[in-house]
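Text of the file coords12.txt, holding compact mmCIF, C-alpha atoms:
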```txt
# COMPACT_ATOMS: atom_id res chain seq x y z
CA MET C 215 2.94 -19.76 -0.75
CA LYS C 216 2.11 -23.45 -1.05
CA ASN C 217 2.21 -23.92 2.72
CA ARG C 218 0.02 -20.85 3.20
CA LEU C 219 -2.55 -22.27 0.78
CA ILE C 220 -2.57 -25.59 2.65
CA ILE C 221 -3.15 -23.73 5.93
CA PHE C 222 -5.97 -21.74 4.39
CA ILE C 223 -7.70 -24.82 3.00
CA THR C 224 -7.35 -26.64 6.33
CA VAL C 225 -8.75 -23.74 8.36
CA THR C 226 -11.59 -23.18 5.88
CA LEU C 227 -12.60 -26.83 6.00
CA MET C 228 -12.46 -26.78 9.80
CA ALA C 229 -14.63 -23.67 9.99
CA THR C 230 -17.10 -25.15 7.50
CA PHE C 231 -17.29 -28.38 9.48
CA LEU C 232 -17.87 -26.58 12.77
CA SER C 233 -20.53 -24.37 11.22
CA ALA C 234 -22.32 -27.35 9.70
CA CYS C 235 -22.26 -29.30 12.96
CA LYS C 236 -23.52 -26.58 15.32
CA ASP C 237 -27.13 -25.74 16.07
CA GLU C 238 -28.48 -22.21 16.39
CA LYS C 239 -27.52 -22.09 20.09
CA SER C 240 -23.94 -23.35 20.06
CA GLY C 241 -22.77 -25.91 22.59
CA PRO C 242 -19.62 -25.58 24.68
CA PRO C 243 -16.33 -25.38 22.79
CA GLN C 244 -13.26 -27.45 23.40
CA ASP C 245 -10.29 -25.85 25.15
CA ASP C 246 -8.54 -24.60 22.05
CA GLU C 247 -7.99 -21.21 20.48
CA VAL C 248 -10.00 -21.71 17.31
CA ASN C 249 -13.26 -22.68 18.98
CA TYR C 250 -13.54 -19.76 21.39
CA ARG C 251 -13.33 -17.42 18.42
CA VAL C 252 -15.63 -19.50 16.25
CA TYR C 253 -18.30 -19.61 18.94
CA MET C 254 -18.20 -15.85 19.49
CA ARG C 255 -18.45 -15.37 15.75
CA ASP C 256 -21.42 -17.73 15.64
CA PHE C 257 -23.04 -15.88 18.56
CA VAL C 258 -22.87 -12.59 16.65
CA LYS C 259 -24.15 -14.17 13.43
CA ASN C 260 -27.14 -15.69 15.23
CA ILE C 261 -27.92 -12.36 16.92
CA SER C 262 -27.84 -10.73 13.50
CA LYS C 263 -30.09 -13.34 11.91
CA TYR C 264 -32.65 -13.04 14.70
CA ALA C 265 -32.76 -9.23 14.67
CA LYS C 266 -32.83 -8.81 10.90
CA GLU C 267 -35.67 -11.30 10.53
CA ILE C 268 -37.74 -9.15 12.88
CA LYS C 269 -36.57 -5.79 11.54
CA PRO C 270 -34.83 -5.80 8.13
CA GLY C 271 -32.09 -3.21 7.98
CA PHE C 272 -31.38 -3.43 11.70
CA ALA C 273 -27.67 -2.63 12.11
CA ILE C 274 -25.30 -5.03 13.87
CA ILE C 275 -22.03 -3.51 15.10
CA PRO C 276 -19.63 -5.63 17.21
CA GLN C 277 -16.99 -3.67 19.16
CA ASN C 278 -13.38 -4.89 19.52
CA GLY C 279 -12.40 -8.53 18.92
CA ILE C 280 -11.58 -7.33 15.42
CA GLU C 281 -9.58 -10.49 14.64
CA LEU C 282 -12.90 -12.24 13.98
CA VAL C 283 -13.13 -10.60 10.55
CA THR C 284 -10.56 -13.10 9.22
CA VAL C 285 -10.77 -16.87 9.20
CA GLU C 286 -8.16 -17.10 11.94
CA GLY C 287 -6.71 -13.74 12.80
CA ASP C 288 -3.38 -14.83 14.20
CA PHE C 289 -1.94 -16.24 10.98
CA THR C 290 -4.19 -15.70 7.97
CA ASP C 291 -5.61 -12.67 6.20
CA TYR C 292 -8.51 -14.42 4.47
CA PRO C 293 -11.80 -12.63 5.24
CA GLU C 294 -14.45 -14.57 7.15
CA THR C 295 -17.17 -13.69 4.67
CA ASN C 296 -20.15 -15.16 6.54
CA TYR C 297 -19.31 -13.06 9.59
CA LEU C 298 -18.66 -9.94 7.52
CA ASN C 299 -21.97 -10.42 5.69
CA ALA C 300 -23.80 -10.66 9.02
CA ILE C 301 -22.55 -7.33 10.38
CA ASP C 302 -22.94 -3.75 9.20
CA GLY C 303 -20.12 -2.11 11.11
CA VAL C 304 -17.29 -2.78 13.52
CA GLY C 305 -16.28 -0.70 16.51
CA GLN C 306 -12.73 -0.32 17.75
CA GLU C 307 -11.53 1.46 20.86
CA ASP C 308 -8.10 3.04 21.46
CA LEU C 309 -6.91 2.94 17.86
CA PHE C 310 -4.75 6.08 18.05
CA PHE C 311 -5.19 7.17 21.67
CA GLY C 312 -5.99 5.46 24.97
CA TYR C 313 -4.68 1.92 24.64
CA ASP C 314 -2.36 2.09 27.67
CA ASN C 315 -3.55 5.33 29.23
CA ASP C 316 -6.15 7.92 28.31
CA ASN C 317 -4.80 10.94 26.41
CA GLU C 318 -1.67 9.01 25.45
CA ALA C 319 -0.86 7.78 21.96
CA THR C 320 -1.48 4.08 21.36
CA PRO C 321 1.78 2.21 20.63
CA ALA C 322 2.49 2.28 16.89
CA GLU C 323 2.71 -1.51 16.64
CA THR C 324 -0.73 -1.87 18.24
CA THR C 325 -2.25 0.71 15.89
CA SER C 326 -0.70 -1.04 12.90
CA TYR C 327 -2.00 -4.42 14.08
CA LEU C 328 -5.55 -3.12 14.51
CA ILE C 329 -5.57 -1.24 11.21
CA HIS C 330 -4.69 -4.46 9.41
CA TYR C 331 -8.01 -6.02 10.47
CA LEU C 332 -10.06 -2.83 10.31
CA ASP C 333 -9.07 -2.48 6.68
CA VAL C 334 -10.26 -6.02 6.00
CA ALA C 335 -13.67 -4.96 7.33
CA LYS C 336 -13.67 -1.73 5.33
CA GLU C 337 -12.67 -3.50 2.12
CA ASN C 338 -15.68 -5.77 2.61
CA ASN C 339 -18.14 -2.86 2.86
CA VAL C 340 -18.33 -2.87 6.66
CA VAL C 341 -18.36 0.59 8.27
CA VAL C 342 -15.50 1.16 10.71
CA LEU C 343 -16.29 3.16 13.86
CA THR C 344 -13.40 4.06 16.16
CA THR C 345 -13.32 5.61 19.62
CA ASP C 346 -10.16 7.26 20.88
CA TYR C 347 -9.87 8.38 24.51
CA CYS C 348 -8.15 11.75 24.57
CA SER C 349 -8.94 15.17 26.02
CA THR C 350 -6.21 17.53 24.82
CA HIS C 351 -7.62 19.48 21.91
CA SER C 352 -4.59 18.90 19.70
CA LYS C 353 -4.82 15.15 20.29
CA MET C 354 -8.55 15.13 19.59
CA ASP C 355 -7.86 16.94 16.31
CA GLU C 356 -5.14 14.43 15.50
CA SER C 357 -7.49 11.54 16.23
CA TYR C 358 -10.17 12.88 13.89
CA ASP C 359 -7.66 13.64 11.15
CA LYS C 360 -5.90 10.26 11.28
CA ASN C 361 -9.15 8.30 11.31
CA ASN C 362 -10.53 10.41 8.48
CA GLU C 363 -7.42 9.68 6.39
CA LYS C 364 -8.11 5.97 6.84
CA GLY C 365 -11.77 6.31 5.92
CA TYR C 366 -12.94 5.46 9.45
CA ILE C 367 -15.74 7.25 11.29
CA SER C 368 -14.42 8.34 14.66
CA PHE C 369 -15.31 9.81 18.03
CA ALA C 370 -12.77 11.45 20.36
CA ALA C 371 -14.08 10.78 23.86
CA ASP C 372 -12.73 13.04 26.58
CA HIS C 373 -14.34 10.86 29.29
CA ARG C 374 -13.61 7.12 29.41
CA GLU C 375 -17.00 6.72 31.12
CA LEU C 376 -18.76 7.93 27.94
CA ASP C 377 -21.07 10.01 30.10
CA ASN C 378 -20.92 13.38 28.35
CA ILE C 379 -21.18 15.27 25.09
CA PRO C 380 -17.68 16.68 24.56
CA GLY C 381 -17.46 20.47 24.42
CA TYR C 382 -14.67 20.18 21.86
CA PRO C 383 -14.91 20.34 18.96
CA SER C 384 -17.80 22.78 19.12
CA THR C 385 -19.52 20.97 16.26
CA PRO C 386 -19.19 17.35 15.15
CA PHE C 387 -16.36 16.50 12.77
CA ASN C 388 -17.79 16.55 9.22
CA GLU C 389 -21.07 18.02 10.49
CA ASN C 390 -23.95 17.90 8.00
CA SER C 391 -27.72 18.30 7.80
CA ASP C 392 -28.36 15.03 5.97
CA VAL C 393 -31.22 12.69 6.75
CA ILE C 394 -29.38 9.51 7.74
CA THR C 395 -31.24 6.27 7.06
CA LYS C 396 -28.43 3.70 7.04
CA LEU C 397 -25.05 3.22 8.65
CA SER C 398 -23.07 3.69 5.45
CA GLN C 399 -24.24 7.32 5.26
CA ILE C 400 -22.80 8.57 8.55
CA ASP C 401 -19.88 11.00 8.83
CA ASN C 402 -19.64 11.17 12.63
CA PHE C 403 -21.12 9.70 15.80
CA LEU C 404 -21.69 10.35 19.50
CA TYR C 405 -20.93 7.57 22.00
CA LEU C 406 -22.97 8.35 25.14
CA ILE C 407 -23.86 5.20 27.05
CA ASP C 408 -23.81 6.45 30.65
CA PRO C 409 -26.72 8.87 31.22
CA SER C 410 -25.97 9.38 34.92
CA GLN C 411 -24.97 13.01 34.41
CA PHE C 412 -28.46 13.83 33.14
CA SER C 413 -31.28 14.50 35.58
CA SER C 414 -34.02 12.90 33.49
CA LYS C 415 -34.85 11.37 30.14
CA GLU C 416 -36.07 14.78 29.01
CA ASP C 417 -32.74 16.34 29.97
CA PHE C 418 -30.89 13.63 28.04
CA ILE C 419 -33.12 14.00 24.97
CA ASN C 420 -32.77 17.79 24.95
CA ALA C 421 -28.99 17.56 25.17
CA VAL C 422 -28.75 15.11 22.27
CA THR C 423 -31.23 16.90 20.02
CA SER C 424 -29.24 20.12 20.39
CA THR C 425 -26.40 18.41 18.46
CA ASN C 426 -25.92 17.37 14.83
CA TYR C 427 -24.26 13.97 15.16
CA ASP C 428 -25.26 11.46 12.46
CA LEU C 429 -25.35 8.51 14.85
CA LEU C 430 -26.03 8.16 18.57
CA ILE C 431 -24.80 5.08 20.47
CA MET C 432 -26.63 5.01 23.81
CA ASP C 433 -27.99 2.69 26.48
CA CYS C 434 -31.56 1.58 25.95
CA PHE C 435 -32.33 2.21 29.63
CA PHE C 436 -32.39 5.40 31.68
CA ASN C 437 -31.88 4.00 35.16
CA ASP C 438 -34.29 1.04 34.95
CA ASP C 439 -36.69 2.67 32.51
CA ILE C 440 -36.35 1.69 28.86
CA PHE C 441 -36.66 4.43 26.26
CA SER C 442 -39.92 4.34 24.32
CA SER C 443 -40.31 4.45 20.55
CA ASP C 444 -41.62 8.02 20.80
CA GLU C 445 -38.54 9.06 22.77
CA ILE C 446 -36.24 7.39 20.27
CA ASN C 447 -38.01 9.25 17.47
CA GLN C 448 -37.24 12.47 19.32
CA LEU C 449 -33.60 11.46 19.66
CA ARG C 450 -33.38 10.99 15.88
CA GLN C 451 -33.83 14.72 15.33
CA LYS C 452 -30.72 16.78 14.66
CA SER C 453 -30.67 20.41 15.68
CA ASN C 454 -30.23 21.53 12.05
CA GLY C 455 -33.26 19.62 10.76
CA GLY C 456 -31.49 16.48 9.64
CA LYS C 457 -32.01 13.05 11.16
CA ARG C 458 -29.69 10.55 12.80
CA LEU C 459 -29.63 6.84 13.56
CA VAL C 460 -30.06 5.71 17.16
CA ILE C 461 -28.21 2.53 18.17
CA SER C 462 -28.41 0.71 21.51
CA TYR C 463 -25.41 -0.60 23.40
CA MET C 464 -25.57 -4.23 24.59
CA SER C 465 -22.84 -6.26 26.27
CA ILE C 466 -22.84 -9.91 25.19
CA GLY C 467 -19.50 -11.05 26.64
CA GLU C 468 -20.20 -10.07 30.25
CA ALA C 469 -23.23 -10.05 32.55
CA GLU C 470 -23.97 -6.77 34.34
CA ASN C 471 -25.50 -6.80 37.81
CA TYR C 472 -27.50 -3.62 37.14
CA ARG C 473 -29.51 -5.09 34.26
CA TYR C 474 -33.14 -6.23 34.38
CA TYR C 475 -32.11 -9.87 33.90
CA TRP C 476 -29.79 -10.02 36.93
CA ASN C 477 -30.71 -12.40 39.76
CA ASP C 478 -29.12 -11.63 43.14
CA ASN C 479 -29.15 -15.34 43.96
CA TRP C 480 -26.43 -15.77 41.33
CA LEU C 481 -23.89 -14.33 43.78
CA THR C 482 -24.27 -17.28 46.16
CA ASN C 483 -25.50 -19.89 43.69
CA PRO C 484 -24.13 -18.88 40.28
CA PRO C 485 -25.27 -20.63 37.11
CA GLU C 486 -22.57 -22.59 35.31
CA TRP C 487 -22.18 -19.93 32.63
CA LEU C 488 -21.45 -17.10 35.12
CA LYS C 489 -17.73 -16.65 35.79
CA GLU C 490 -15.68 -14.26 37.92
CA GLU C 491 -16.13 -10.53 38.23
CA ASN C 492 -14.13 -8.30 35.92
CA PRO C 493 -11.52 -6.69 38.21
CA ASP C 494 -11.53 -3.51 36.11
CA TRP C 495 -15.31 -3.03 36.01
CA GLU C 496 -17.20 -3.64 39.25
CA GLY C 497 -20.49 -5.45 38.75
CA ASN C 498 -19.50 -6.95 35.38
CA TYR C 499 -19.02 -10.72 35.25
CA LYS C 500 -17.40 -12.89 32.62
CA VAL C 501 -19.76 -15.38 30.99
CA ALA C 502 -19.47 -18.61 29.06
CA TYR C 503 -21.09 -16.89 26.09
CA TRP C 504 -21.64 -20.13 24.17
CA GLU C 505 -24.03 -21.52 26.80
CA LYS C 506 -27.72 -21.62 25.86
CA GLU C 507 -28.94 -20.06 29.12
CA TRP C 508 -26.82 -16.96 28.57
CA GLN C 509 -27.72 -16.73 24.89
CA ASP C 510 -31.41 -16.97 25.79
CA ILE C 511 -30.97 -13.87 27.95
CA ILE C 512 -29.45 -12.01 25.01
CA TYR C 513 -31.69 -12.99 22.07
CA GLY C 514 -34.29 -15.38 20.68
CA ASN C 515 -37.39 -14.74 22.82
CA ASP C 516 -39.75 -11.93 23.80
CA ASN C 517 -38.04 -11.28 27.14
CA SER C 518 -34.55 -11.21 25.66
CA TYR C 519 -32.38 -8.13 25.82
CA LEU C 520 -32.22 -7.81 22.05
CA LYS C 521 -35.98 -8.14 21.60
CA LYS C 522 -36.50 -5.27 24.04
CA ILE C 523 -34.11 -3.14 21.99
CA VAL C 524 -35.83 -4.00 18.70
CA ASP C 525 -39.30 -3.43 20.15
CA ALA C 526 -38.25 -0.04 21.52
CA GLY C 527 -37.54 1.11 17.97
CA PHE C 528 -33.76 1.36 17.87
CA ASP C 529 -32.04 1.27 14.48
CA GLY C 530 -29.44 -1.27 15.54
CA VAL C 531 -27.29 -2.67 18.31
CA TYR C 532 -23.69 -2.06 19.37
CA LEU C 533 -22.34 -5.34 20.74
CA ASP C 534 -19.64 -5.05 23.39
CA ILE C 535 -17.10 -7.46 24.90
CA ILE C 536 -16.72 -9.31 21.62
CA ASP C 537 -13.12 -9.90 22.65
CA ALA C 538 -14.27 -12.13 25.53
CA PHE C 539 -12.68 -15.02 23.64
CA GLU C 540 -9.29 -13.70 24.79
CA TYR C 541 -10.23 -14.34 28.42
CA PHE C 542 -10.93 -18.02 27.75
CA GLU C 543 -7.91 -18.46 25.51
CA ASP C 544 -5.71 -17.22 28.36
```
Could you spell out this file's structure in structure tokens?
Amino acid sequence: MKNRLIIFITVTLMATFLSACKDEKSGPPQDDEVNYRVYMRDFVKNISKYAKEIKPGFAIIPQNGIELVTVEGDFTDYPETNYLNAIDGVGQEDLFFGYDNDNEATPAETTSYLIHYLDVAKENNVVVLTTDYCSTHSKMDESYDKNNEKGYISFAADHRELDNIPGYPSTPFNENSDVITKLSQIDNFLYLIDPSQFSSKEDFINAVTSTNYDLLIMDCFFNDDIFSSDEINQLRQKSNGGKRLVISYMSIGEAENYRYYWNDNWLTNPPEWLKEENPDWEGNYKVAYWEKEWQDIIYGNDNSYLKKIVDAGFDGVYLDIIDAFEYFED
């Protein structure tokens, strides 16, 4: 116990020192495990500060990289309170199904590991959203039941591409007609970030508004056309008369070559912050997320990705590739 307390004090002092020494746009970290995590945590906190100053109540939900909710996830359980206070929810993929293969149960030791950190978030009033990838009806039922027992809000995705509204179950788990105004009120959500199966914005809007999900996580663009505030207001309408929140997806740990900010010259003359292509996702490139040039693309100015999302009228942002720190640690 004494040794554990010494470790905690040392880590806390280190984190405090790093936080005090950094500016709003963090400089490059040293090649050690602590800093890659600290700088991702700082990135999320600065995104939150920027967005909430423009639009109070704007929800910040980082997906994966759940270890960031503790001071140093590999050996201490102490909550990282500044980070937890900056976010409203956490997203976690593959908790019960899909970790190794879609429609297969996640190894029990992995589930147990993730739950440990998800519960830290939940105990600190952060909403836990989970996405399991399974298509067999019995496994989808099991996913909803197990997440519900833990107090997590879940979505059983039968397409890894997140390009459809599942036909099963026929109605959302814990369906309701409530008017949802904040993340803590939701009982279910729809994760639909690839609109390629829809012929038009109107087709997409009609499909969503025929459902009763409490929360929609979507892309802010349809092809290259950003959704307008009027269209987002339409998307807020549930079929039963209630209202939902509408959250935009945004990757902050990888650059995507189909986004408005992409410069084709980067392929032959890449900026220092642009790293290699993700072998599992064509067109997605690892980034040195602590570099100012990349952070300027994401937030802090009128042409930034986040400012476009806020201006469009979304209720929050779902931040992906939070676990990019693992790439640099390796």
### Query
Do you know which residues are at most 6 Å from segment 456-462 of chain C counting all atoms listed in the file, after dropping those on the same chain fewer than 5 positions away, and could you put them as a PyMOL selection string?
chain C and resi 391-394+428-434+450-451+528-532
### Query
For the atom pair atom CA of Glu375 of chain C and atom CA of Asp302 of chain C, what is the interatomic distance in Å to one decimal place?
25.0 Å
### Task
For each of C:Asn454, C:Ser424, C:Ser349, C:Ser443, take the minimum atom-to-atom distance to Asn390 of chain C, counting all atoms listed in the file, then give the residue where this is smallest.
C:Asn454
### Message
Between atom CA of Ile512 of chain C and atom CA of Leu533 of chain C, what is the distance in Å, rounded to a tenth?
### Response
10.6 Å
### Message
Between atom CA of Ala469 of chain C and atom CA of Phe369 of chain C, what is the distance in Å, rounded to a tenth?
### Response
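According to the coordinates, atom CA of Ala469 of chain C and atom CA of Phe369 of chain C are separated by 25.8 Å.
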### Near-Tyr513 of chain C list (8 Å; all atoms listed in the file; drop same-chain fewer than 6 positions) as number ranges by chain
C: 261, 264, 519-521
### Message
Calculated over only C-alpha atoms, which of the candidates C:Glu363, C:Asp510, C:Glu281, C:Asp438 has the smallest distance to His330 of chain C?
### Response
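The answer is C:Glu281, which sits nearest to His330 of chain C.
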